[in-house]
file input-v6.csv (CSV, C-alpha atoms and all ligand atoms)
chain,number,residue,atom,x,y,z
A,1286,MET,CA,167.3,-91.7,-15.4
A,1287,GLU,CA,170.6,-90.5,-14.0
A,1288,LEU,CA,172.5,-88.0,-16.2
A,1289,ALA,CA,176.1,-88.4,-17.3
A,1290,PRO,CA,178.3,-85.5,-16.2
A,1291,PRO,CA,179.1,-83.2,-19.2
A,1292,SER,CA,182.8,-82.5,-19.8
A,1293,LEU,CA,184.3,-79.0,-19.9
A,1294,PRO,CA,187.9,-77.9,-20.5
A,1295,LEU,CA,189.5,-77.6,-17.1
A,1296,VAL,CA,192.1,-75.0,-18.1
A,1297,GLU,CA,189.5,-72.3,-18.2
A,1298,TRP,CA,188.8,-72.4,-14.5
A,1299,GLY,CA,190.8,-70.8,-11.7
A,1300,LEU,CA,191.3,-72.5,-8.4
A,1301,ALA,CA,188.9,-72.0,-5.5
A,1302,MET,CA,190.2,-71.3,-2.0
A,1303,LYS,CA,191.0,-74.6,-0.3
A,1304,MET,CA,188.1,-76.1,1.5
A,1305,THR,CA,188.9,-76.1,5.2
A,1306,SER,CA,187.8,-78.7,7.7
A,1307,LYS,CA,186.7,-76.0,10.2
A,1308,PRO,CA,183.1,-75.1,9.7
A,1309,ASP,CA,182.4,-71.3,9.7
A,1310,LEU,CA,178.8,-71.0,10.7
A,1311,SER,CA,178.8,-67.2,11.0
A,1312,ILE,CA,178.5,-66.9,7.2
A,1313,VAL,CA,175.5,-69.2,7.0
A,1314,GLY,CA,173.5,-67.1,9.5
A,1315,SER,CA,173.9,-63.9,7.5
A,1316,GLY,CA,170.3,-64.1,6.1
A,1317,VAL,CA,171.2,-63.5,2.5
A,1318,ALA,CA,168.0,-63.3,0.6
A,1319,GLY,CA,167.4,-64.9,-2.8
A,1320,GLY,CA,168.8,-62.7,-5.6
A,1321,ALA,CA,166.6,-61.0,-8.2
A,1322,MET,CA,168.5,-62.4,-11.2
A,1323,SER,CA,167.5,-65.6,-12.8
A,1324,GLN,CA,168.4,-67.7,-15.7
A,1325,GLY,CA,164.8,-68.5,-16.2
A,1326,ARG,CA,161.9,-66.4,-17.4
A,1327,GLY,CA,160.4,-65.4,-14.1
A,1328,ASP,CA,157.9,-66.9,-11.6
A,1329,ASN,CA,155.1,-64.9,-13.1
A,1330,ALA,CA,155.9,-66.1,-16.6
A,1331,LEU,CA,152.9,-68.4,-16.6
A,1332,SER,CA,150.5,-65.4,-16.2
A,1333,GLY,CA,152.1,-63.2,-18.9
A,1334,ALA,CA,150.4,-62.4,-22.2
A,1335,GLU,CA,152.5,-62.7,-25.3
A,1336,GLY,CA,152.3,-60.8,-28.5
A,1337,LEU,CA,151.2,-62.2,-31.8
A,1338,ASN,CA,153.3,-64.8,-33.6
A,1339,GLY,CA,153.3,-66.6,-37.0
A,1340,PHE,CA,151.2,-69.6,-35.8
A,1341,VAL,CA,147.5,-69.4,-34.9
A,1342,ILE,CA,146.2,-71.6,-32.1
A,1343,SER,CA,142.4,-72.1,-32.1
A,1344,ASP,CA,140.3,-72.3,-28.9
A,1345,SER,CA,139.9,-76.1,-29.1
A,1346,GLU,CA,143.6,-76.6,-29.8
A,1347,THR,CA,144.4,-74.5,-26.8
A,1348,LEU,CA,142.2,-76.8,-24.7
A,1349,ASP,CA,143.9,-79.9,-26.2
A,1350,PHE,CA,147.4,-78.5,-25.3
A,1351,ILE,CA,146.2,-77.6,-21.8
A,1352,GLU,CA,145.0,-81.1,-21.2
A,1353,LEU,CA,148.2,-82.6,-22.7
A,1354,ILE,CA,150.5,-80.4,-20.6
A,1355,HIS,CA,148.5,-81.2,-17.5
A,1356,ARG,CA,148.6,-84.9,-18.1
A,1357,HIS,CA,152.4,-85.0,-18.5
A,1358,SER,CA,153.5,-82.4,-16.0
A,1359,GLY,CA,150.7,-81.6,-13.6
A,1360,ILE,CA,150.9,-78.0,-14.6
A,1361,VAL,CA,147.5,-76.4,-14.7
A,1362,LEU,CA,146.9,-73.8,-17.3
A,1363,THR,CA,143.6,-72.0,-18.1
A,1364,PRO,CA,142.3,-70.9,-21.6
A,1365,GLU,CA,143.4,-67.4,-20.8
A,1366,LYS,CA,147.0,-68.6,-21.2
A,1367,ARG,CA,146.4,-69.1,-24.9
A,1368,ASN,CA,148.9,-66.5,-26.0
A,1369,LEU,CA,151.5,-67.9,-23.7
A,1370,ILE,CA,151.0,-71.4,-25.0
A,1371,SER,CA,151.1,-70.3,-28.5
A,1372,SER,CA,154.2,-68.1,-28.1
A,1373,ARG,CA,156.2,-70.6,-26.0
A,1374,LEU,CA,155.4,-73.6,-28.4
A,1375,GLN,CA,155.9,-71.9,-31.7
A,1376,LYS,CA,159.6,-72.4,-31.3
A,1377,ARG,CA,159.0,-76.2,-31.4
A,1378,LEU,CA,156.9,-75.9,-34.5
A,1379,LYS,CA,159.8,-74.0,-36.2
A,1380,ILE,CA,162.4,-76.5,-35.1
A,1381,LEU,CA,160.3,-79.4,-36.3
A,1382,GLY,CA,159.3,-77.7,-39.6
A,1383,LEU,CA,155.6,-78.0,-38.8
A,1384,ALA,CA,153.0,-75.8,-40.3
A,1385,SER,CA,150.3,-75.6,-37.6
A,1386,PHE,CA,149.5,-76.5,-34.0
A,1387,GLY,CA,147.2,-79.2,-35.3
A,1388,GLU,CA,150.2,-80.9,-37.0
A,1389,TYR,CA,152.2,-80.4,-33.8
A,1390,PHE,CA,149.5,-82.1,-31.7
A,1391,ASP,CA,149.5,-85.1,-34.1
A,1392,TYR,CA,153.3,-85.2,-33.9
A,1393,LEU,CA,153.1,-85.4,-30.1
A,1394,HIS,CA,150.8,-88.4,-30.4
A,1395,TYR,CA,152.2,-90.3,-33.4
A,1396,ALA,CA,155.8,-89.4,-34.1
A,1397,PRO,CA,158.4,-92.1,-33.0
A,1398,GLU,CA,160.2,-89.3,-31.1
A,1399,ARG,CA,157.0,-88.2,-29.3
A,1400,ASP,CA,158.3,-89.0,-25.8
A,1401,ASP,CA,161.3,-86.8,-26.2
A,1402,GLU,CA,159.1,-84.1,-27.8
A,1403,ILE,CA,156.7,-84.1,-24.9
A,1404,ILE,CA,159.7,-83.3,-22.6
A,1405,ALA,CA,160.8,-80.6,-25.0
A,1406,MET,CA,157.3,-79.1,-25.1
A,1407,ILE,CA,157.1,-79.1,-21.3
A,1408,ASP,CA,160.6,-77.5,-21.1
A,1409,GLU,CA,159.2,-74.6,-23.1
A,1410,ILE,CA,156.2,-74.2,-20.8
A,1411,THR,CA,157.9,-74.6,-17.4
A,1412,THR,CA,159.2,-71.6,-15.5
A,1413,ASN,CA,162.8,-72.2,-14.2
A,1414,LYS,CA,163.2,-69.1,-12.1
A,1415,THR,CA,165.5,-69.8,-9.3
A,1416,ALA,CA,168.5,-68.2,-7.5
A,1417,PHE,CA,171.4,-69.1,-5.1
A,1418,PHE,CA,170.2,-68.6,-1.5
A,1419,ARG,CA,166.7,-67.9,-2.6
A,1420,GLU,CA,164.5,-67.5,0.4
A,1421,GLY,CA,167.6,-67.2,2.6
A,1422,HIS,CA,165.7,-67.7,5.9
A,1423,HIS,CA,165.3,-71.4,5.0
A,1424,PHE,CA,169.1,-71.9,5.1
A,1425,ASP,CA,169.3,-70.0,8.4
A,1426,PHE,CA,166.6,-72.3,9.8
A,1427,LEU,CA,168.4,-75.3,8.4
A,1428,THR,CA,171.7,-74.5,10.2
A,1429,SER,CA,170.3,-73.1,13.4
A,1430,LYS,CA,167.5,-75.6,14.0
A,1431,VAL,CA,167.3,-78.6,11.7
A,1432,LEU,CA,170.9,-79.8,11.3
A,1433,PRO,CA,171.7,-79.6,15.1
A,1434,ARG,CA,168.5,-81.7,15.8
A,1435,LEU,CA,169.4,-84.3,13.1
A,1436,VAL,CA,172.9,-84.5,14.2
A,1437,THR,CA,172.0,-85.2,17.8
A,1438,SER,CA,169.4,-87.9,16.9
A,1439,GLN,CA,170.5,-91.3,15.5
A,1440,TRP,CA,171.9,-90.6,12.1
A,1441,SER,CA,174.9,-91.5,9.9
A,1442,THR,CA,174.4,-89.3,6.9
A,1443,VAL,CA,172.0,-86.4,6.2
A,1444,ASN,CA,170.2,-87.1,3.0
A,1445,VAL,CA,168.6,-84.1,1.2
A,1446,TRP,CA,166.4,-83.9,-1.8
A,1447,SER,CA,165.9,-80.8,-3.9
A,1448,ALA,CA,162.7,-81.7,-5.8
A,1449,GLY,CA,162.2,-79.3,-8.7
A,1450,CYS,CA,165.9,-78.2,-8.7
A,1451,SER,CA,165.7,-76.2,-11.9
A,1452,THR,CA,169.1,-75.0,-13.1
A,1453,GLY,CA,170.9,-76.1,-9.9
A,1454,GLU,CA,171.1,-73.0,-7.8
A,1455,GLU,CA,169.0,-74.6,-5.0
A,1456,PRO,CA,171.0,-77.9,-4.6
A,1457,TYR,CA,174.3,-76.1,-4.9
A,1458,THR,CA,173.2,-73.7,-2.2
A,1459,LEU,CA,172.3,-76.7,-0.1
A,1460,ALA,CA,175.7,-78.2,-0.8
A,1461,MET,CA,177.5,-75.1,0.3
A,1462,VAL,CA,175.5,-74.7,3.5
A,1463,LEU,CA,175.9,-78.4,4.4
A,1464,ALA,CA,179.6,-78.3,3.6
A,1465,GLU,CA,180.0,-75.3,5.8
A,1466,TYR,CA,178.1,-77.1,8.6
A,1467,PHE,CA,179.8,-80.4,8.4
A,1468,GLY,CA,183.3,-79.3,7.4
A,1469,ALA,CA,185.7,-82.1,6.5
A,1470,THR,CA,183.3,-84.9,7.6
A,1471,GLN,CA,181.1,-84.3,4.6
A,1472,ASN,CA,178.3,-86.5,5.9
A,1473,PHE,CA,175.6,-85.5,3.5
A,1474,THR,CA,174.2,-86.4,0.1
A,1475,ILE,CA,172.0,-84.3,-2.1
A,1476,LEU,CA,169.6,-85.7,-4.7
A,1477,ALA,CA,168.4,-83.0,-7.2
A,1478,THR,CA,165.6,-83.8,-9.6
A,1479,ASP,CA,163.6,-81.9,-12.2
A,1480,LEU,CA,161.3,-82.6,-15.1
A,1481,SER,CA,163.1,-80.3,-17.5
A,1482,THR,CA,166.0,-81.7,-19.5
A,1483,GLN,CA,167.4,-78.3,-20.3
A,1484,ALA,CA,167.3,-77.2,-16.7
A,1485,LEU,CA,169.1,-80.4,-15.6
A,1486,GLN,CA,171.8,-80.0,-18.3
A,1487,THR,CA,172.5,-76.4,-17.0
A,1488,ALA,CA,172.5,-77.7,-13.5
A,1489,GLN,CA,175.0,-80.4,-14.3
A,1490,ARG,CA,177.4,-78.0,-16.1
A,1491,ALA,CA,177.3,-75.9,-12.9
A,1492,VAL,CA,178.5,-72.8,-14.8
A,1493,TYR,CA,176.8,-69.5,-14.0
A,1494,SER,CA,177.2,-65.9,-14.9
A,1495,ASN,CA,178.9,-63.8,-12.2
A,1496,GLU,CA,175.7,-61.8,-11.6
A,1497,LEU,CA,173.9,-64.9,-10.5
A,1498,GLY,CA,176.6,-65.5,-7.8
A,1499,GLY,CA,175.7,-62.2,-6.1
A,1500,PRO,CA,173.7,-63.7,-3.3
A,1501,ILE,CA,176.4,-66.2,-2.4
A,1502,PRO,CA,178.3,-65.0,0.7
A,1503,LEU,CA,181.8,-64.0,-0.3
A,1504,ALA,CA,183.6,-66.5,1.9
A,1505,MET,CA,181.6,-69.3,0.4
A,1506,ARG,CA,182.0,-68.0,-3.1
A,1507,GLN,CA,185.8,-68.0,-2.6
A,1508,LYS,CA,185.7,-71.5,-1.2
A,1509,TYR,CA,183.1,-73.3,-3.4
A,1510,THR,CA,183.4,-71.6,-6.8
A,1511,MET,CA,186.1,-71.3,-9.5
A,1512,THR,CA,186.5,-68.1,-11.5
A,1513,GLY,CA,186.2,-68.5,-15.3
A,1514,TYR,CA,189.0,-67.3,-17.6
A,1515,ARG,CA,189.4,-66.8,-21.4
A,1516,SER,CA,186.2,-68.1,-23.0
A,1517,GLN,CA,184.7,-68.6,-19.5
A,1518,ARG,CA,185.3,-65.0,-18.4
A,1519,GLY,CA,182.3,-63.5,-16.6
A,1520,ARG,CA,181.3,-66.9,-15.3
A,1521,PHE,CA,182.0,-69.1,-12.4
A,1522,ARG,CA,181.7,-72.8,-11.8
A,1523,ILE,CA,180.9,-74.8,-8.7
A,1524,VAL,CA,184.0,-76.7,-7.4
A,1525,PRO,CA,184.2,-80.5,-8.1
A,1526,GLU,CA,184.1,-81.3,-4.4
A,1527,LEU,CA,180.6,-79.9,-4.2
A,1528,ARG,CA,179.5,-81.0,-7.6
A,1529,GLU,CA,180.2,-84.6,-6.7
A,1530,ARG,CA,178.0,-84.3,-3.6
A,1531,VAL,CA,174.9,-83.7,-5.9
A,1532,THR,CA,173.3,-86.4,-7.9
A,1533,PHE,CA,171.0,-85.2,-10.7
A,1534,GLN,CA,168.1,-87.2,-11.9
A,1535,GLN,CA,165.1,-86.6,-14.2
A,1536,LEU,CA,161.9,-87.1,-12.3
A,1537,ASN,CA,158.3,-86.1,-12.8
A,1538,LEU,CA,156.7,-85.3,-9.5
A,1539,ILE,CA,153.3,-86.3,-10.6
A,1540,ASP,CA,154.4,-89.8,-11.4
A,1541,ARG,CA,153.2,-92.3,-8.8
A,1542,ASP,CA,156.4,-94.3,-8.8
A,1543,TRP,CA,159.5,-92.3,-7.9
A,1544,ASN,CA,163.0,-93.8,-8.1
A,1545,VAL,CA,164.0,-92.1,-4.9
A,1546,PRO,CA,165.5,-93.8,-1.9
A,1547,ALA,CA,163.4,-93.8,1.2
A,1548,GLY,CA,164.8,-92.5,4.4
A,1549,LEU,CA,165.5,-88.9,3.4
A,1550,ASN,CA,166.0,-86.4,6.2
A,1551,ILE,CA,165.1,-83.2,4.3
A,1552,ILE,CA,163.1,-82.3,1.2
A,1553,PHE,CA,163.1,-78.9,-0.5
A,1554,CYS,CA,160.2,-78.6,-2.9
A,1555,ARG,CA,159.9,-74.9,-3.4
A,1556,ASN,CA,158.0,-73.0,-6.0
A,1557,VAL,CA,157.1,-76.1,-7.9
A,1558,MET,CA,153.7,-77.3,-6.6
A,1559,ILE,CA,152.3,-73.8,-7.1
A,1560,TYR,CA,151.4,-74.8,-10.7
A,1561,PHE,CA,149.6,-78.0,-9.7
A,1562,ASN,CA,146.0,-78.7,-8.7
A,1563,ARG,CA,144.9,-79.9,-5.3
A,1564,GLU,CA,144.8,-83.5,-6.4
A,1565,SER,CA,148.3,-83.5,-7.8
A,1566,ARG,CA,149.7,-81.7,-4.7
A,1567,SER,CA,147.9,-84.1,-2.4
A,1568,GLY,CA,149.5,-87.1,-4.1
A,1569,ILE,CA,152.9,-85.6,-4.0
A,1570,ILE,CA,152.7,-84.6,-0.3
A,1571,SER,CA,151.7,-88.1,0.7
A,1572,ARG,CA,154.6,-89.6,-1.3
A,1573,PHE,CA,156.9,-87.0,0.3
A,1574,ARG,CA,155.7,-88.3,3.7
A,1575,ARG,CA,156.5,-91.9,2.8
A,1576,THR,CA,159.9,-90.9,1.5
A,1577,LEU,CA,160.9,-88.9,4.6
A,1578,LYS,CA,162.3,-90.4,7.7
A,1579,SER,CA,160.4,-89.8,10.9
A,1580,ASP,CA,161.3,-86.3,12.2
A,1581,GLY,CA,162.3,-85.3,8.6
A,1582,TYR,CA,161.6,-81.8,7.3
A,1583,LEU,CA,159.8,-80.5,4.2
A,1584,PHE,CA,160.5,-77.0,3.0
A,1585,ILE,CA,158.0,-75.4,0.5
A,1586,GLY,CA,158.0,-72.0,-1.3
A,1587,HIS,CA,157.0,-68.7,0.3
A,1588,SER,CA,153.8,-68.4,-1.6
A,1589,GLU,CA,152.8,-72.1,-1.1
A,1590,THR,CA,150.8,-73.7,1.6
A,1591,LEU,CA,149.7,-77.2,2.6
A,1592,GLY,CA,146.7,-75.7,4.3
A,1593,ASP,CA,144.0,-77.0,2.0
A,1594,LEU,CA,145.4,-80.6,2.1
A,1595,ASP,CA,145.1,-83.5,4.6
A,1596,HIS,CA,148.8,-83.5,4.9
A,1597,ARG,CA,149.5,-84.9,8.4
A,1598,PHE,CA,152.7,-82.8,8.7
A,1599,VAL,CA,153.3,-80.5,11.7
A,1600,GLN,CA,154.1,-77.0,10.7
A,1601,VAL,CA,157.2,-75.6,12.5
A,1602,GLN,CA,157.5,-72.3,10.5
A,1603,PRO,CA,155.2,-70.8,7.9
A,1604,THR,CA,156.8,-72.8,5.0
A,1605,VAL,CA,158.6,-75.6,7.0
A,1606,TYR,CA,157.0,-78.8,8.1
A,1607,THR,CA,158.0,-81.9,10.0
A,1608,HIS,CA,156.3,-85.2,10.6
A,1609,HIS,CA,156.5,-88.1,13.1
A,1610,LYS,CA,155.9,-91.6,11.9
A,1701,LIG,C1,160.3,-72.0,-10.4
A,1701,LIG,S1,161.3,-73.4,-10.5
A,1701,LIG,C2,161.8,-73.7,-8.8
A,1701,LIG,C3,163.2,-74.0,-8.6
A,1701,LIG,C4,163.7,-74.0,-7.1
A,1701,LIG,N1,163.0,-75.1,-6.4
A,1701,LIG,C5,163.5,-72.7,-6.4
A,1701,LIG,O1,162.6,-72.6,-5.7
A,1701,LIG,O2,164.3,-71.8,-6.7
A,1701,LIG,C6,160.1,-74.7,-10.8
A,1701,LIG,C7,160.8,-76.0,-11.3
A,1701,LIG,O3,159.8,-77.1,-11.3
A,1701,LIG,C8,160.0,-77.9,-12.4
A,1701,LIG,N2,158.8,-78.7,-12.6
A,1701,LIG,C9,157.6,-78.3,-13.1
A,1701,LIG,N3,156.7,-79.3,-13.2
A,1701,LIG,C10,157.4,-80.4,-12.7
A,1701,LIG,C11,157.1,-81.8,-12.5
A,1701,LIG,N4,155.8,-82.3,-12.8
A,1701,LIG,N5,158.0,-82.6,-12.0
A,1701,LIG,C12,159.2,-82.2,-11.6
A,1701,LIG,N6,159.6,-80.9,-11.8
A,1701,LIG,C13,158.7,-80.0,-12.3
A,1701,LIG,C14,160.3,-77.0,-13.5
A,1701,LIG,O4,161.0,-77.6,-14.6
A,1701,LIG,C15,161.2,-75.9,-12.8
A,1701,LIG,O5,162.5,-76.2,-13.0
call {"tool": "encode", "arguments": {"input": "input-v6.csv", "output": "structure tokens", "more": "lines below"}}
Ligand SMILES: C[S@@+](CC[C@H](N)C(=O)[O-])C[C@H]1O[C@@H](n2cnc3c(N)ncnc32)[C@H](O)[C@@H]1O
result
Amino acid sequence: MELAPPSLPLVEWGLAMKMTSKPDLSIVGSGVAGGAMSQGRGDNALSGAEGLNGFVISDSETLDFIELIHRHSGIVLTPEKRNLISSRLQKRLKILGLASFGEYFDYLHYAPERDDEIIAMIDEITTNKTAFFREGHHFDFLTSKVLPRLVTSQWSTVNVWSAGCSTGEEPYTLAMVLAEYFGATQNFTILATDLSTQALQTAQRAVYSNELGGPIPLAMRQKYTMTGYRSQRGRFRIVPELRERVTFQQLNLIDRDWNVPAGLNIIFCRNVMIYFNRESRSGIISRFRRTLKSDGYLFIGHSETLGDLDHRFVQVQPTVYTHHK
């Protein structure tokens, strides 16, 4: 499902510096690390223990929700996450006016709106932590090694997929880095997908608090973002020229059929598979392989590995892989 772009009043946004046709690669190589601030609840949120709340979840209900969450998202939770499940989901019970987790479980199976509610439930469980220029060495590697190699081989457009894009910081970072590299030619496309409806809506708005822009190199910030005024003071927005390079789409990575065009050159799937079991990761990796062009690249998160899988990729850096068809 492709998402329609939301509308925002344009008068609230100042102009960005003009995008020049001359690429300035010095900025890209500055090694800016991912910022500490996040719109999400933190990578470690799945392991946190929450306090008591008004709704009590029994042991067997906990197991039912763990199974349901796994079936629909691939996320693996253990019974120790009982407090987390209870505290994250109680918001949904309140919104729906339900009295117990048992009623909520029935609702998720029998209500006419159950498909939407399953997405809303998973939205509450997922961790959307992300940042502009997170794991900055990946973007250095992209500009110093990957893009020069792709550009010299037979290519017309570089097609990139940010799989598990969260609130948009990763695909917009990619858009800035690629725009810097290609200058006026703009020969790239970015597909950005996530399971979370809320995260995708934030990503499409492309409006962020100024603190979140900290890791963006100043020259890129001046060129690729607009300052907010009046009701938007304290925020910035990604410029339309970059927003239109990114196509957002809702996609569940554990589904077997992805509506993703084959022939991609680069996939970023960082800090997503960490919550999946081996079987789910194995399926995703083989589908990534089919989706990538020969000599394409896969980037994964700093605490992830393909080491336990029969992946048939060649590792070129600790978290960067390529494959030859
Ligand atoms: C921690 S964020 C990572 C964001 C970004 N890739 C980064 O590294 O900064 C994990 C994202 O994975 C998404 N996610 C979790 N399960 C998913 C699934 N089964 N399919 C697609 N996305 C999923 C979550 O909604 C969340 O936005």
call {"tool": "atom_distance", "arguments": {"input": "input-v6.csv", "atom1": "CA of Leu1374 in chain A", "atom2": "CA of Ile1410 in chain A"}}
result
7.7 Å
call {"tool": "atom_distance", "arguments": {"input": "input-v6.csv", "atom1": "CA of Gly1519 in chain A", "atom2": "CA of Gln1535 in chain A"}}
result
28.9 Å
call {"tool": "closest_residue", "arguments": {"input": "input-v6.csv", "among": "A:Thr1532, A:Gly1387, A:Arg1373, A:Arg1575", "to": "Ser1345 in chain A", "atoms": "all atoms listed in the file"}}
result
A:Gly1387
call {"tool": "closest_atom_pairs", "arguments": {"input": "input-v6.csv", "of": "range 1522-1570 of chain A", "to": "range 1472-1475 of chain A", "cutoff": "9 Å", "atoms": "all atoms listed in the file", "output": "Markdown table"}}
result
| residue | atom | partner | partner_atom | distance |
| --- | --- | --- | --- | --- |
| A:Arg1530 | CA | A:Thr1474 | CA | 5.7 |
| A:Val1531 | CA | A:Ile1475 | CA | 4.8 |
| A:Thr1532 | CA | A:Ile1475 | CA | 6.3 |
| A:Phe1533 | CA | A:Ile1475 | CA | 8.7 |
call {"tool": "closest_atom_pairs", "arguments": {"input": "input-v6.csv", "of": "chain A", "to": "ligand LIG 1701 (chain A)", "cutoff": "9 Å", "atoms": "all atoms listed in the file", "output": "Markdown table"}}
result
| residue | atom | partner | partner_atom | distance |
| --- | --- | --- | --- | --- |
| A:Gly1319 | CA | A:LIG1701 | O2 | 8.5 |
| A:Gly1325 | CA | A:LIG1701 | C1 | 8.1 |
| A:Gly1327 | CA | A:LIG1701 | C1 | 7.6 |
| A:Asp1328 | CA | A:LIG1701 | C1 | 5.8 |
| A:His1355 | CA | A:LIG1701 | N4 | 8.8 |
| A:His1357 | CA | A:LIG1701 | N4 | 7.2 |
| A:Ser1358 | CA | A:LIG1701 | N4 | 3.9 |
| A:Gly1359 | CA | A:LIG1701 | N4 | 5.2 |
| A:Ile1360 | CA | A:LIG1701 | N3 | 6.1 |
| A:Ile1407 | CA | A:LIG1701 | O4 | 7.9 |
| A:Asp1408 | CA | A:LIG1701 | O4 | 6.5 |
| A:Ile1410 | CA | A:LIG1701 | O4 | 8.5 |
| A:Thr1411 | CA | A:LIG1701 | O4 | 5.1 |
| A:Thr1412 | CA | A:LIG1701 | C1 | 5.2 |
| A:Asn1413 | CA | A:LIG1701 | S1 | 4.2 |
| A:Lys1414 | CA | A:LIG1701 | C1 | 4.4 |
| A:Thr1415 | CA | A:LIG1701 | O2 | 3.5 |
| A:Ala1416 | CA | A:LIG1701 | O2 | 5.6 |
| A:Phe1417 | CA | A:LIG1701 | O2 | 7.8 |
| A:Phe1418 | CA | A:LIG1701 | O2 | 8.5 |
| A:Arg1419 | CA | A:LIG1701 | O2 | 6.1 |
| A:Glu1420 | CA | A:LIG1701 | O1 | 8.2 |
| A:Ser1447 | CA | A:LIG1701 | N1 | 6.9 |
| A:Ala1448 | CA | A:LIG1701 | N1 | 6.6 |
| A:Gly1449 | CA | A:LIG1701 | O3 | 4.2 |
| A:Cys1450 | CA | A:LIG1701 | N1 | 4.8 |
| A:Ser1451 | CA | A:LIG1701 | O5 | 3.4 |
| A:Thr1452 | CA | A:LIG1701 | O5 | 6.7 |
| A:Gly1453 | CA | A:LIG1701 | C4 | 8.0 |
| A:Glu1454 | CA | A:LIG1701 | O2 | 7.0 |
| A:Glu1455 | CA | A:LIG1701 | O2 | 5.7 |
| A:Pro1456 | CA | A:LIG1701 | C4 | 8.6 |
| A:Thr1478 | CA | A:LIG1701 | C12 | 6.9 |
| A:Asp1479 | CA | A:LIG1701 | N6 | 4.1 |
| A:Leu1480 | CA | A:LIG1701 | N6 | 4.1 |
| A:Ser1481 | CA | A:LIG1701 | O4 | 4.5 |
| A:Thr1482 | CA | A:LIG1701 | O4 | 8.1 |
| A:Gln1483 | CA | A:LIG1701 | O4 | 8.6 |
| A:Ala1484 | CA | A:LIG1701 | O5 | 6.1 |
| A:Leu1485 | CA | A:LIG1701 | O5 | 8.2 |
| A:Gln1535 | CA | A:LIG1701 | C12 | 7.8 |
| A:Leu1536 | CA | A:LIG1701 | C12 | 5.6 |
| A:Asn1537 | CA | A:LIG1701 | N5 | 3.6 |
| A:Leu1538 | CA | A:LIG1701 | N5 | 3.9 |
| A:Ile1539 | CA | A:LIG1701 | N4 | 5.2 |
| A:Asp1540 | CA | A:LIG1701 | N4 | 7.8 |
| A:Phe1553 | CA | A:LIG1701 | N1 | 7.0 |
| A:Cys1554 | CA | A:LIG1701 | N1 | 5.7 |
| A:Arg1555 | CA | A:LIG1701 | O1 | 4.2 |
| A:Asn1556 | CA | A:LIG1701 | O1 | 4.6 |
| A:Val1557 | CA | A:LIG1701 | C6 | 4.4 |
| A:Met1558 | CA | A:LIG1701 | N3 | 7.5 |
| A:Ile1559 | CA | A:LIG1701 | C6 | 8.7 |
| A:Tyr1560 | CA | A:LIG1701 | N3 | 7.4 |
| A:Phe1561 | CA | A:LIG1701 | N3 | 8.0 |
| A:Ile1585 | CA | A:LIG1701 | O1 | 8.2 |
| A:Gly1586 | CA | A:LIG1701 | O1 | 6.4 |
call {"tool": "residues_around", "arguments": {"input": "input-v6.csv", "residues": "Lys1610 in chain A", "least_positions_apart": "5", "cutoff": "8 Å", "atoms": "all atoms listed in the file", "output": "PyMOL selection string"}}
result
chain A and resi 1578-1580
call {"tool": "closest_residue", "arguments": {"input": "input-v6.csv", "among": "A:Ala1301, A:Ser1371, A:Asn1550, A:Phe1426", "to": "Thr1604 in chain A", "atoms": "only C-alpha atoms"}}
result
A:Phe1426
call {"tool": "atom_distance", "arguments": {"input": "input-v6.csv", "atom1": "CA of Gln1486 in chain A", "atom2": "CA of Ile1354 in chain A"}}
result
21.4 Å
call {"tool": "closest_residue", "arguments": {"input": "input-v6.csv", "among": "A:Glu1402, A:Phe1340, A:Gly1468, A:Met1505", "to": "Leu1383 in chain A", "atoms": "all atoms listed in the file"}}
result
A:Phe1340
call {"tool": "closest_residue", "arguments": {"input": "input-v6.csv", "among": "A:Val1431, A:Met1511, A:Leu1594, A:Leu1369", "to": "Thr1607 in chain A", "atoms": "only C-alpha atoms"}}
result
A:Val1431
call {"tool": "closest_residue", "arguments": {"input": "input-v6.csv", "among": "A:Gln1534, A:Thr1458, A:Ser1567, A:Asn1444", "to": "Ile1552 in chain A", "atoms": "all atoms listed in the file"}}
result
A:Asn1444
